[in-house]
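Asks: Please see the structure below; I have some questions.
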Amino acid sequence: MLKKIFFAALVVASAMPVAAQETYENAKIIGEDLNGTARYVAMGGAMDALGADLSTMSSNPAGIGLFRRNNISLSFGLVSQENAPSVLGADKTNMSFDQAGIVMSVNTSGRQQSFVNVGFNYHKSRNFDFILSAADALVNASQNKLTYAKAKAGLLYQVRADGTPNFDASYNSCNQLDAVYAQSLNYNYGENLWGYDNGTDYRLDRSHTGYVAEYDFNISGNINNRVYLGLTIGVHDVHYKHYGEYAETLLDGGDPYRLVVEDDREITGHGYDIKAGVIFRPVEYSPFRIGLSVSSPTFYDLTTDNRSRLNDGVYSVPTREAYDFKVYTPWKFGVSLGHTIGSQVALGASYEYADYGSTDTRLITGSHYNYWYDSWTDDSKCDDVMNRHTKETLKGVSTLKLGAEFKPVPELALRVGYNYVSPMYKTEGFKDGTLDSNGSYYSSATDYTNWGGTNRITAGVGLNIDQFSLSAAYQYSTCSGEFRPFMSYTDASNPADNNIADIVKVKNNRHQLLLTLGYSF
């Protein structure tokens with residue numbers, strides 16, 4: 001009979017001098033939401049050529065050059081996930097502080113023609129509040145079986161001369177989840193065979209929280225009220241957390257038992273980027289404008305802290321890994337159009353493109369002392385294995401923004417917008433736990449979701465009274481994805497070892513209510 005092996009101490013991957021992150025975890029950090037002032041959101045973000053809104057500081061810095069007066073604004077509201085289950089004590093509706101900024105406008109010509117503006121703006125570029133739940137039956141498949149396949153292939157443990165596994169030493173291909181699941185594998189010493197318990201079903205519940213805060217510093221201006229130029233330096237502050245519980249029902253000799261892996265991850269750190277933009281009127285006396293913008297990669301220095309725990313109702317085995325890593329996002333390019341009809345109508349359209357397959361995950365190789373700045377700086381190099389996986393998993397993303405504003409009277413503005421973001425993930429992409437990369441070695445979860453495109457419908461209203469303004473916006477965003485609890489595994493020579501879980505459809509639909517208070521002086 002197979003003998004179940006539970007270890008008193010967890011077997012973990014050998015300590016590495018370098019560390020990097022994994023494609024699917026990186027993708028959570030590098031994406032962006034539609035957020036900012038209520039006017040910007042209500043018009044679908046299509047203000048890159050129209051300008052004169054603090055939120056354009058991060059999309060087309062030249063938009064700040066259209067301000068003619070000093071301006072302050074503050075935005076906050078509610079974000080609610082549609083039909084989210086009540087799991088792990090997570091709330092589906094949360095308050096959010098979304099934007100705060102100021103621009104100072106200085107007339108440099110003595111005429112109302114040329115200005116130099118300086119500004120600062122904070123906005124929440126990413127809101128991680130999201131509850132993910134997925135469950136399905138398992139037919140001759142499980143995460144437990146995936147770890148078994150690695151053990152059977154000799155990828156988890158070194159083998160002694162007598163053919164038995166050395167449980168005190170692991171190969172680098174043993175990641176954090178393999179190390180946890182290895183606790184539940186069976187090994188028959190008499191027949192020198194690995195075994196596993198069959199799975200009947202699984203369930204994953206995970207609560208995501210946190211945000212990416214972006215702090216932008218801008219200088220901009222215009223030349224003869226026809227050409228507008230802008231430059232923004234952005235600082236990004238990352239605070240991401242998730243807690244999840246993945247459970248499989250396994251059969252031990254026909255007796256069902258529940259194997260639960262708790263996954264607790266936190267990612268913190270910062271990054272910076274540089275953005276430049278231009279807006280120009282091709283016809284001197286026409287209000288029609290064209291905008292062009294470019295954003296450098298965001299250069300992130302991040303730290304992750306991963307905690308996992310195996311619990312089968314009898315044994316509870318913890319493990320923990322923490323390390324630093326770097327991620328450089330892709331370049332982003334934008335083109336936009338803007339047109340006004342008198343003082344009553346404003347129309348905007350924008351297009352942005354970024355190739356997320358070129359995201360650069362980097363290994364920390366050491367550090368050196370920078371005498372000029374009196375500080376230590378991390379040295380790094382490209383994680384070629386993970387970057388190749390990223391290129392095979394992620395792709396170029398197009399963002400289309402459309403918006404319109406109508407003022408029936410000067411004091412009242414009505415706004416509508418539409419925003420579409422094409423899929424970042426390739427349909428054939430998967431989280432590959434066999435990669436020879438530290439991003440795989442220290443992985444604390446095997447599930448992944450290939451999210452589709454995001455559609456956002458927006459609307460809003462604005463009220464101006466003397467120097468004060470009050471704007472409200474509503475945004476509905478919808479996105480569907482294909483969830484898998486672990487990578488599929490097939491063995492043509494032994495089909496009985498095939499390990500394939502069915503796709504489960506999941507959704508991330510959100511409602512946002514946003515309010516902006518503004519003052520011009």
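If you're wondering about the labels, chains in the structure tokens are A, B, ... by order shown, residues count from 1 in each chain, ligands from 1 in order shown.
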Could you list, as a list in words, every residue within 8 Å of A:Arg126, counting only C-alpha atoms and ignoring same-chain residues fewer than 4 positions away?
Replies: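 Non-adjacent residues within range: Ile29, Gly31, Glu32, Asp33, Tyr211, Val212 and Ala213 of chain A.
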Asks: What's the 10 Å shell around A:Glu262, counting only C-alpha atoms, without same-chain residues fewer than 6 positions away, as a ChimeraX atom specification?
Replies: /A:204-206,243-247,307-311,318,444-445
Asks: Could you write out that same residue set with N, CA and C atoms as a PDB file, in the first residue's frame?
Replies:
ATOM      1  N   LEU A 204     -11.461  28.022  -5.590  1.00  0.00           N
ATOM      2  CA  LEU A 204     -10.527  29.102  -5.263  1.00  0.00           C
ATOM      3  C   LEU A 204     -11.319  30.341  -4.889  1.00  0.00           C
ATOM      4  N   ASP A 205     -10.976  30.943  -3.774  1.00  0.00           N
ATOM      5  CA  ASP A 205     -11.487  32.261  -3.374  1.00  0.00           C
ATOM      6  C   ASP A 205     -10.289  33.143  -3.080  1.00  0.00           C
ATOM      7  N   ARG A 206     -10.279  34.327  -3.682  1.00  0.00           N
ATOM      8  CA  ARG A 206      -9.162  35.234  -3.449  1.00  0.00           C
ATOM      9  C   ARG A 206      -9.665  36.673  -3.388  1.00  0.00           C
ATOM     10  N   TYR A 243      -5.151  37.712  -0.614  1.00  0.00           N
ATOM     11  CA  TYR A 243      -5.214  36.527   0.229  1.00  0.00           C
ATOM     12  C   TYR A 243      -6.187  35.563  -0.426  1.00  0.00           C
ATOM     13  N   GLY A 244      -5.746  34.332  -0.627  1.00  0.00           N
ATOM     14  CA  GLY A 244      -6.598  33.360  -1.276  1.00  0.00           C
ATOM     15  C   GLY A 244      -6.508  32.001  -0.619  1.00  0.00           C
ATOM     16  N   GLU A 245      -7.553  31.213  -0.823  1.00  0.00           N
ATOM     17  CA  GLU A 245      -7.585  29.839  -0.349  1.00  0.00           C
ATOM     18  C   GLU A 245      -7.988  28.935  -1.509  1.00  0.00           C
ATOM     19  N   TYR A 246      -7.075  28.036  -1.856  1.00  0.00           N
ATOM     20  CA  TYR A 246      -7.346  27.069  -2.914  1.00  0.00           C
ATOM     21  C   TYR A 246      -7.502  25.696  -2.272  1.00  0.00           C
ATOM     22  N   ALA A 247      -8.655  25.059  -2.510  1.00  0.00           N
ATOM     23  CA  ALA A 247      -8.960  23.789  -1.861  1.00  0.00           C
ATOM     24  C   ALA A 247      -9.302  22.745  -2.909  1.00  0.00           C
ATOM     25  N   ARG A 307       3.539  34.172   1.377  1.00  0.00           N
ATOM     26  CA  ARG A 307       3.353  33.200   2.455  1.00  0.00           C
ATOM     27  C   ARG A 307       2.365  32.137   1.987  1.00  0.00           C
ATOM     28  N   SER A 308       2.701  30.888   2.197  1.00  0.00           N
ATOM     29  CA  SER A 308       1.798  29.786   1.848  1.00  0.00           C
ATOM     30  C   SER A 308       1.681  28.844   3.037  1.00  0.00           C
ATOM     31  N   ARG A 309       0.529  28.188   3.119  1.00  0.00           N
ATOM     32  CA  ARG A 309       0.316  27.225   4.194  1.00  0.00           C
ATOM     33  C   ARG A 309      -0.555  26.080   3.676  1.00  0.00           C
ATOM     34  N   LEU A 310      -0.106  24.863   3.920  1.00  0.00           N
ATOM     35  CA  LEU A 310      -0.862  23.661   3.586  1.00  0.00           C
ATOM     36  C   LEU A 310      -1.623  23.187   4.815  1.00  0.00           C
ATOM     37  N   ASN A 311      -2.894  22.843   4.610  1.00  0.00           N
ATOM     38  CA  ASN A 311      -3.709  22.370   5.730  1.00  0.00           C
ATOM     39  C   ASN A 311      -4.615  21.255   5.231  1.00  0.00           C
ATOM     40  N   PRO A 318       3.645  25.695   7.046  1.00  0.00           N
ATOM     41  CA  PRO A 318       3.822  27.011   6.433  1.00  0.00           C
ATOM     42  C   PRO A 318       5.128  27.123   5.640  1.00  0.00           C
ATOM     43  N   SER A 444       3.787  31.279  -5.566  1.00  0.00           N
ATOM     44  CA  SER A 444       2.971  30.775  -4.459  1.00  0.00           C
ATOM     45  C   SER A 444       1.543  30.472  -4.904  1.00  0.00           C
ATOM     46  N   ALA A 445       1.288  30.492  -6.219  1.00  0.00           N
ATOM     47  CA  ALA A 445      -0.028  30.134  -6.752  1.00  0.00           C
ATOM     48  C   ALA A 445       0.156  29.612  -8.168  1.00  0.00           C
TER      49      ALA A 445
END
Asks: At a cut-off of 9 Å, using only C-alpha atoms, what residues contact stretch 88-101 of chain A? Leave out same-chain residues fewer than 6 positions from it and give the result as a VMD selection string.
Replies: chain A and resid 35 to 37 54 to 55 71 to 82 119 to 125 127 129 to 131 205 to 208 213 243 to 245 514 516
Asks: Check stretch 89-250 of chain A with DSSP on the backbone and list each residue it calls strand (DSSP E), as a VMD selection string.
Replies: chain A and resid 93 to 107 115 to 127 130 to 137 157 to 159 165 to 170 186 to 188 193 to 195 198 to 223 227 to 250
Asks: Using only C-alpha atoms, pick whichever of A:Gly291, A:Gly154, A:Pro165, A:Gly253 has the shortest atom-to-atom distance to A:Leu50.
Replies: A:Gly291
Asks: Return the single residue from A:Leu231, A:Ala404, A:Val345, A:Ala161 that is closest to A:Val294, with distances computed using only C-alpha atoms.
Replies: A:Leu231
Asks: Using only C-alpha atoms, can you tell me which of A:Gly518, A:Ile223, A:Asn370, A:Asp447 comes closest to A:Val103?
Replies: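 Smallest distance to A:Val103 is found for A:Gly518.
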Asks: Which of stretch 337-441 of chain A counts as helix (DSSP H, G or I) under DSSP, as a PyMOL selection string please?
Replies: chain A and resi 356-358+384-393+438-441
Asks: Let me see the file: selected residues, N, CA, C and O atoms, as a PDB file, in the first residue's frame.
Replies:
ATOM      1  N   TYR A 356       2.724  44.988 -24.446  1.00  0.00           N
ATOM      2  CA  TYR A 356       3.009  44.409 -23.139  1.00  0.00           C
ATOM      3  C   TYR A 356       3.813  43.118 -23.233  1.00  0.00           C
ATOM      4  O   TYR A 356       4.361  42.660 -22.234  1.00  0.00           O
ATOM      5  N   GLY A 357       3.903  42.544 -24.432  1.00  0.00           N
ATOM      6  CA  GLY A 357       4.779  41.399 -24.612  1.00  0.00           C
ATOM      7  C   GLY A 357       6.244  41.745 -24.455  1.00  0.00           C
ATOM      8  O   GLY A 357       7.084  40.856 -24.244  1.00  0.00           O
ATOM      9  N   SER A 358       6.578  43.038 -24.536  1.00  0.00           N
ATOM     10  CA  SER A 358       7.968  43.475 -24.383  1.00  0.00           C
ATOM     11  C   SER A 358       8.305  43.872 -22.948  1.00  0.00           C
ATOM     12  O   SER A 358       9.393  44.400 -22.691  1.00  0.00           O
ATOM     13  N   ASP A 384      15.890  36.378 -19.073  1.00  0.00           N
ATOM     14  CA  ASP A 384      15.582  36.002 -20.462  1.00  0.00           C
ATOM     15  C   ASP A 384      14.506  34.925 -20.536  1.00  0.00           C
ATOM     16  O   ASP A 384      13.661  34.949 -21.439  1.00  0.00           O
ATOM     17  N   VAL A 385      14.536  33.982 -19.602  1.00  0.00           N
ATOM     18  CA  VAL A 385      13.545  32.899 -19.631  1.00  0.00           C
ATOM     19  C   VAL A 385      12.143  33.446 -19.393  1.00  0.00           C
ATOM     20  O   VAL A 385      11.202  33.144 -20.134  1.00  0.00           O
ATOM     21  N   MET A 386      11.970  34.268 -18.360  1.00  0.00           N
ATOM     22  CA  MET A 386      10.652  34.818 -18.070  1.00  0.00           C
ATOM     23  C   MET A 386      10.223  35.812 -19.140  1.00  0.00           C
ATOM     24  O   MET A 386       9.034  35.880 -19.498  1.00  0.00           O
ATOM     25  N   ASN A 387      11.152  36.595 -19.668  1.00  0.00           N
ATOM     26  CA  ASN A 387      10.796  37.548 -20.725  1.00  0.00           C
ATOM     27  C   ASN A 387      10.322  36.829 -21.983  1.00  0.00           C
ATOM     28  O   ASN A 387       9.429  37.318 -22.688  1.00  0.00           O
ATOM     29  N   ARG A 388      10.919  35.682 -22.264  1.00  0.00           N
ATOM     30  CA  ARG A 388      10.454  34.891 -23.408  1.00  0.00           C
ATOM     31  C   ARG A 388       9.026  34.390 -23.157  1.00  0.00           C
ATOM     32  O   ARG A 388       8.180  34.393 -24.045  1.00  0.00           O
ATOM     33  N   HIS A 389       8.768  33.960 -21.923  1.00  0.00           N
ATOM     34  CA  HIS A 389       7.417  33.532 -21.565  1.00  0.00           C
ATOM     35  C   HIS A 389       6.434  34.696 -21.661  1.00  0.00           C
ATOM     36  O   HIS A 389       5.287  34.523 -22.116  1.00  0.00           O
ATOM     37  N   THR A 390       6.849  35.879 -21.217  1.00  0.00           N
ATOM     38  CA  THR A 390       5.989  37.058 -21.301  1.00  0.00           C
ATOM     39  C   THR A 390       5.625  37.372 -22.747  1.00  0.00           C
ATOM     40  O   THR A 390       4.469  37.687 -23.063  1.00  0.00           O
ATOM     41  N   LYS A 391       6.603  37.278 -23.638  1.00  0.00           N
ATOM     42  CA  LYS A 391       6.351  37.540 -25.056  1.00  0.00           C
ATOM     43  C   LYS A 391       5.374  36.522 -25.636  1.00  0.00           C
ATOM     44  O   LYS A 391       4.587  36.839 -26.540  1.00  0.00           O
ATOM     45  N   GLU A 392       5.415  35.293 -25.125  1.00  0.00           N
ATOM     46  CA  GLU A 392       4.512  34.250 -25.607  1.00  0.00           C
ATOM     47  C   GLU A 392       3.123  34.340 -24.972  1.00  0.00           C
ATOM     48  O   GLU A 392       2.182  33.713 -25.452  1.00  0.00           O
ATOM     49  N   THR A 393       2.998  35.131 -23.902  1.00  0.00           N
ATOM     50  CA  THR A 393       1.752  35.183 -23.135  1.00  0.00           C
ATOM     51  C   THR A 393       0.995  36.494 -23.306  1.00  0.00           C
ATOM     52  O   THR A 393      -0.232  36.507 -23.405  1.00  0.00           O
ATOM     53  N   ASN A 438      13.552  32.206 -11.475  1.00  0.00           N
ATOM     54  CA  ASN A 438      13.180  32.392 -10.075  1.00  0.00           C
ATOM     55  C   ASN A 438      11.735  32.834  -9.925  1.00  0.00           C
ATOM     56  O   ASN A 438      11.118  32.616  -8.886  1.00  0.00           O
ATOM     57  N   GLY A 439      11.185  33.487 -10.965  1.00  0.00           N
ATOM     58  CA  GLY A 439       9.789  33.855 -10.923  1.00  0.00           C
ATOM     59  C   GLY A 439       8.888  32.647 -10.788  1.00  0.00           C
ATOM     60  O   GLY A 439       7.797  32.732 -10.215  1.00  0.00           O
ATOM     61  N   SER A 440       9.338  31.498 -11.307  1.00  0.00           N
ATOM     62  CA  SER A 440       8.593  30.241 -11.143  1.00  0.00           C
ATOM     63  C   SER A 440       8.967  29.531  -9.851  1.00  0.00           C
ATOM     64  O   SER A 440       8.115  28.967  -9.168  1.00  0.00           O
ATOM     65  N   TYR A 441      10.255  29.568  -9.491  1.00  0.00           N
ATOM     66  CA  TYR A 441      10.691  28.871  -8.280  1.00  0.00           C
ATOM     67  C   TYR A 441       9.948  29.381  -7.047  1.00  0.00           C
ATOM     68  O   TYR A 441       9.606  28.608  -6.156  1.00  0.00           O
TER      69      TYR A 441
END
Asks: What's the 12 Å shell around A:Ser114, counting only C-alpha atoms, without same-chain residues fewer than 3 positions away, as a PyMOL selection string?
Replies: chain A and resi 65-68+105-111+117+220-229
Asks: Set the distance at 10 Å and use only C-alpha atoms: which residues neighbour stretch 484-488 of chain A once local chain neighbours fewer than 4 positions away are removed? I'd like the list as an MDAnalysis selection string.
Replies: chainID A and resid 134:136 141:143 146 202:204 246 429:434 445:450 498:505
Asks: Which residues, written as a VMD selection string, have at least one atom at most 7 Å from A:Val461, with only C-alpha atoms counted and residues fewer than 4 positions away on the same chain left out?
Replies: chain A and resid 413 to 415 471 to 473
Asks: Can you work out the spacing between atom CA of A:Arg456 and atom CA of A:Gly271 in Å, to one decimal?
Replies: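 Atom-to-atom, atom CA of A:Arg456 and atom CA of A:Gly271 are spaced 27.0 Å apart.
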Asks: Pick out the closest residue to A:Tyr474 from this set: A:Tyr353, A:Val41, A:Tyr328, A:Gln21. Count only C-alpha atoms.
Replies: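 Checking each candidate against A:Tyr474, we get A:Val41 as the closest.
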Asks: Using only C-alpha atoms, can you tell me which of A:Glu405, A:Gly453, A:Arg69, A:Asp197 comes closest to A:Leu347?
Replies: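 Looking only at the distances to A:Leu347, the closest residue turns out to be A:Glu405.
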Asks: Provide the atom CA of A:Arg510 to atom CA of A:Glu352 distance in Å, to one decimal place.
Replies: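 Between atom CA of A:Arg510 and atom CA of A:Glu352 the gap works out to 22.5 Å.
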Asks: Please report the interatomic distance between atom CA of A:Thr329 and atom CA of A:Phe299 in Å with one decimal.
Replies: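 Interatomic distance here is 6.8 Å.
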Asks: Excluding A:Glu321 and any residue of its chain fewer than 5 positions from it, enumerate the residues within 7 Å of it, using only C-alpha atoms, and give them as a short mmCIF file (atom, residue, chain, number, x, y, z; two decimals) with N, CA, C and O atoms, in the first residue's frame.
Replies:
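Final file, around_5.cif:
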data_model
loop_
_atom_site.label_atom_id
_atom_site.label_comp_id
_atom_site.auth_asym_id
_atom_site.auth_seq_id
_atom_site.Cartn_x
_atom_site.Cartn_y
_atom_site.Cartn_z
N ASP A 305 6.43 39.61 -0.89
CA ASP A 305 6.48 38.77 0.31
C ASP A 305 5.36 37.74 0.17
O ASP A 305 4.17 38.08 0.21
N ASN A 306 5.73 36.47 -0.03
CA ASN A 306 4.77 35.41 -0.29
C ASN A 306 4.73 34.44 0.89
O ASN A 306 5.76 33.91 1.30
N ARG A 307 3.54 34.17 1.38
CA ARG A 307 3.35 33.20 2.45
C ARG A 307 2.36 32.14 1.99
O ARG A 307 1.31 32.47 1.45
N TYR A 442 9.72 30.69 -6.97
CA TYR A 442 9.13 31.27 -5.78
C TYR A 442 7.64 31.55 -5.94
O TYR A 442 7.05 32.30 -5.17
#
